[in-house]
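**Student:** One structure coming up, written as structure tokens, with questions to follow.
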Amino acid sequence: MSNSLVLVLNAGSSSLKFALMDAQTGEAILSGLGECFGLEDARISWKRDGEKQELMLEEGGNHHEKAVGIIVELVESMNVGEQLVAIGHRVVHGGEKFADATLLNDAVIEEIEAMSDLAPLHNPANVMGIRAAMTAFPSLPQVAVFDTAFHQSMPQKAYTGAIANELYTDYGIRRYGFHGTSHYFVSREAAKQLNKNIDEANFISVHLGNGASVCAVRNGQSVDTSMGFTPLSGLMMGTRCGDLDPGIIEFLLKKGWSQEQVFDALNKKSGFLGVSGLTSDARGILEAMDSGHEGAKLAFEVFTYRVSKYIGSYLIPLDSLDAIIFTGGIGENSLPIRREILKNLKLLGFVEDEAGNEAARFGNGGIIAKSEMLGAVAMVVPTNEEFVIASQAEGFAK
Ligand code: ADP
């Protein structure tokens, strides 16, 4: 075991993912997930030495705090002592304030809390996790790694909405982008694999999971991304609608829908779930398609068509392209979805490497297509956001 272990905490509104990780190699010696917080079946499960365990959390009280308490006991029982050098926290929204990983103190926590109206489901949960960890590990550096940070390099023309400028100056309404840690990781990894200097490498990074986004990476920096002010815009997702005519919101409100109903429909009942009428899960969509489900077929077509259109348009901010990178649960695993997207890109000269595409699944990356015309490849790179958080947090170790 190395001398630098980092505990990575990723607190969601009703969940907490965690990993105790070697910050040099990315190897996790403990990893787990707390879920259903606030509900009666709240629980926490973890894997250690190949063994899985699960504990139900008692009803009542603060489940984030309870879960951190259990994680602390687990870490203490592993006798890692001084090898544990930092705690890394994933924080969803860093606004315009944070373009890099940041050492947490009271002032920084206040800034994160102040940005809660930009990410009402996430930032308060992140702060809860941070406070619980600070109480448990008062002598260790606690570091925030922001989902928005990588996109702070976007030029003004990419982040400015075509709306009254006061909406930006008064409320901070602009494109922020999310999934930054993932786009950062896979672009660096792709540059390594292609023997390219990251400062001269150009990519279109396509993260397809329950949440999905595309990012144009120019000379190693994010120059545009499809998620915006919130993670609702851009691609079609598991339950989120992605890009949508804002006139629809006005129309539904006038039809008597409440704000909550509209919000719920666009965030939780759209995407794969809404179009198919069946499931938000891509695997379920593919299975249903195979047995002739029309809604699932339509969801597959809308999803792949929209991803392909985004990829085409994200050539615009780049002077050249080294690779289209696929990542996230769908991007890393779904052969039919990648195949359909590559087919849609035929005008850009992409020809699928069928064997490569079939091999790049279940944790294996690799080249899946080539375009002679663009001098580019399409490739799969499994993402590892926890590893980025661990290594950036380790940078603050004493
Ligand atoms: P999150 O955004 O919640 O982190 P993930 O990146 O884990 O999500 O992606 C979840 C999605 O990946 C789900 O739609 C799931 O069906 C899909 N997925 C996982 N494995 C496969 C597979 N073998 N084939 C197709 N889709 C898959």
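Residues in the structure tokens are numbered from 1 in each chain, the chains being A, B, ... in the order shown, and ligands are numbered from 1 in the order shown.
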Got a sec to check which residues lie within 6 Å of ligand 1, using only C-alpha atoms and all ligand atoms, and send them as a PyMOL selection string?
**Tutor:** chain A and resi 209-211+281-283+328-330+333-334
**Student:** Can you pull out every residue within 7 Å of Ile368 of chain A, counting only C-alpha atoms, but drop anything in the same chain fewer than 2 positions away, and send it as a list of chain:residue names?
**Tutor:**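 That gives A:Glu352, A:Asp353, A:Glu354, A:Gly356, A:Asn357, A:Gly366, A:Ala378, A:Met379.
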**Student:** Save out the residues we just selected, all heavy atoms, as a compact mmCIF listing (two decimals), in the first residue's frame.
**Tutor:**
# COMPACT_ATOMS: atom_id res chain seq x y z
N GLU A 352 -16.50 2.33 -38.68
CA GLU A 352 -16.41 1.54 -37.45
C GLU A 352 -15.36 0.44 -37.57
O GLU A 352 -15.27 -0.23 -38.59
CB GLU A 352 -17.78 0.92 -37.14
CG GLU A 352 -17.78 0.15 -35.84
CD GLU A 352 -19.09 -0.62 -35.60
OE1 GLU A 352 -20.10 -0.33 -36.26
OE2 GLU A 352 -19.07 -1.51 -34.74
N ASP A 353 -14.59 0.26 -36.51
CA ASP A 353 -13.73 -0.92 -36.37
C ASP A 353 -14.56 -1.90 -35.54
O ASP A 353 -14.63 -1.78 -34.31
CB ASP A 353 -12.44 -0.49 -35.66
CG ASP A 353 -11.59 -1.66 -35.21
OD1 ASP A 353 -12.08 -2.82 -35.25
OD2 ASP A 353 -10.44 -1.43 -34.82
N GLU A 354 -15.22 -2.82 -36.23
CA GLU A 354 -16.22 -3.65 -35.54
C GLU A 354 -15.65 -4.45 -34.39
O GLU A 354 -16.22 -4.52 -33.30
CB GLU A 354 -16.93 -4.57 -36.53
CG GLU A 354 -17.89 -3.80 -37.42
CD GLU A 354 -18.64 -4.67 -38.40
OE1 GLU A 354 -18.77 -5.88 -38.13
OE2 GLU A 354 -19.09 -4.13 -39.42
N GLY A 356 -12.95 -3.79 -32.71
CA GLY A 356 -12.56 -2.83 -31.67
C GLY A 356 -13.77 -2.39 -30.86
O GLY A 356 -13.74 -2.30 -29.63
N ASN A 357 -14.86 -2.13 -31.56
CA ASN A 357 -16.08 -1.66 -30.89
C ASN A 357 -16.65 -2.77 -29.99
O ASN A 357 -17.11 -2.50 -28.87
CB ASN A 357 -17.12 -1.24 -31.95
CG ASN A 357 -18.16 -0.28 -31.38
OD1 ASN A 357 -18.06 0.15 -30.23
ND2 ASN A 357 -19.16 0.04 -32.18
N GLY A 366 -10.57 1.48 -25.79
CA GLY A 366 -9.92 1.16 -27.07
C GLY A 366 -10.52 1.94 -28.22
O GLY A 366 -11.52 2.64 -28.07
N ALA A 378 -12.37 7.37 -33.08
CA ALA A 378 -13.37 7.37 -32.00
C ALA A 378 -12.89 6.30 -31.04
O ALA A 378 -12.41 5.25 -31.47
CB ALA A 378 -14.76 7.05 -32.53
N MET A 379 -12.96 6.59 -29.76
CA MET A 379 -12.44 5.64 -28.78
C MET A 379 -13.28 5.61 -27.52
O MET A 379 -14.03 6.55 -27.24
CB MET A 379 -10.98 5.99 -28.44
CG MET A 379 -10.79 7.33 -27.78
SD MET A 379 -9.07 7.92 -27.86
CE MET A 379 -8.24 6.78 -26.78
**Student:** Might you pull out every residue within 6 Å of segment 296-312 of chain A, with only C-alpha atoms counted and same-chain residues fewer than 2 positions away left off, and present them as a ChimeraX atom specification?
**Tutor:** /A:236,272,275-276,285,289,293-294,314-315,341
**Student:** Among the residues of segment 102-341 of chain A, find those DSSP assigns to alpha helix (DSSP H) from the backbone and print them as a VMD selection string.
**Tutor:** chain A and resid 106 to 114 123 to 136 156 to 159 165 to 171 180 to 193 247 to 254 259 to 268 271 to 276 282 to 290 294 to 313 328 to 333 335 to 341
**Student:** Using only C-alpha atoms for the distances, tell me which of A:Lys52, A:Lys97, A:His89, A:His122 is nearest to Ser14 of chain A.
**Tutor:**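 Selected residue with least distance to Ser14 of chain A: A:His122.
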**Student:** Residues at most 7 Å from Phe150 of chain A, counting only C-alpha atoms, excluding those fewer than 3 positions away in the same chain, as a list in words?
**Tutor:**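 Listed by chain and then number, they are Ala99, Ser153, Gly180, Thr181, Tyr184 and Ser222 of chain A.
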**Student:** From the set A:Lys398, A:His64, A:Arg338, A:Arg361, which residue has the shortest atom-to-atom contact distance to Leu9 of chain A, counting only C-alpha atoms?
**Tutor:**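 Closest to Leu9 of chain A of all the choices is A:His64.
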**Student:** Could you check which of A:Pro138, A:Pro155, A:Gly365, A:Gly60 is closest to Phe37 of chain A, using only C-alpha atoms?
**Tutor:**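 Among the listed residues, the smallest separation from Phe37 of chain A belongs to A:Gly60.
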**Student:** Would you please work out which residue, of A:Ile130, A:Ala323, A:Gln261, A:Ser226, is nearest to Ala190 of chain A when using only C-alpha atoms?
**Tutor:**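 Result for the nearest residue to Ala190 of chain A: A:Ala323.
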**Student:** When distances are computed from only C-alpha atoms, which of A:Gly69, A:Gly81, A:Gly50, A:Gly94 shows the smallest separation from Asn3 of chain A?
**Tutor:**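 Going through A:Gly69, A:Gly81, A:Gly50, A:Gly94 one by one, the smallest distance to Asn3 of chain A is for A:Gly81.
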**Student:** Do you have the atom CA of Tyr171 of chain A-atom CA of Ala114 of chain A distance handy?
**Tutor:**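 Taking atom CA of Tyr171 of chain A as the start and atom CA of Ala114 of chain A as the end point, the length is 12.4 Å.
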**Student:** Of the residues A:Glu27, A:Asp224, A:Asp322, A:Glu59, which is the one nearest to Ala158 of chain A, using only C-alpha atoms?
**Tutor:**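 Of all the options, A:Asp224 lies closest to Ala158 of chain A.
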**Student:** Could you tell me how far atom CA of Asn267 of chain A sits from atom CA of Leu252 of chain A, in Å to one decimal place?
**Tutor:**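 Separation of atom CA of Leu252 of chain A and atom CA of Asn267 of chain A: 14.7 Å.
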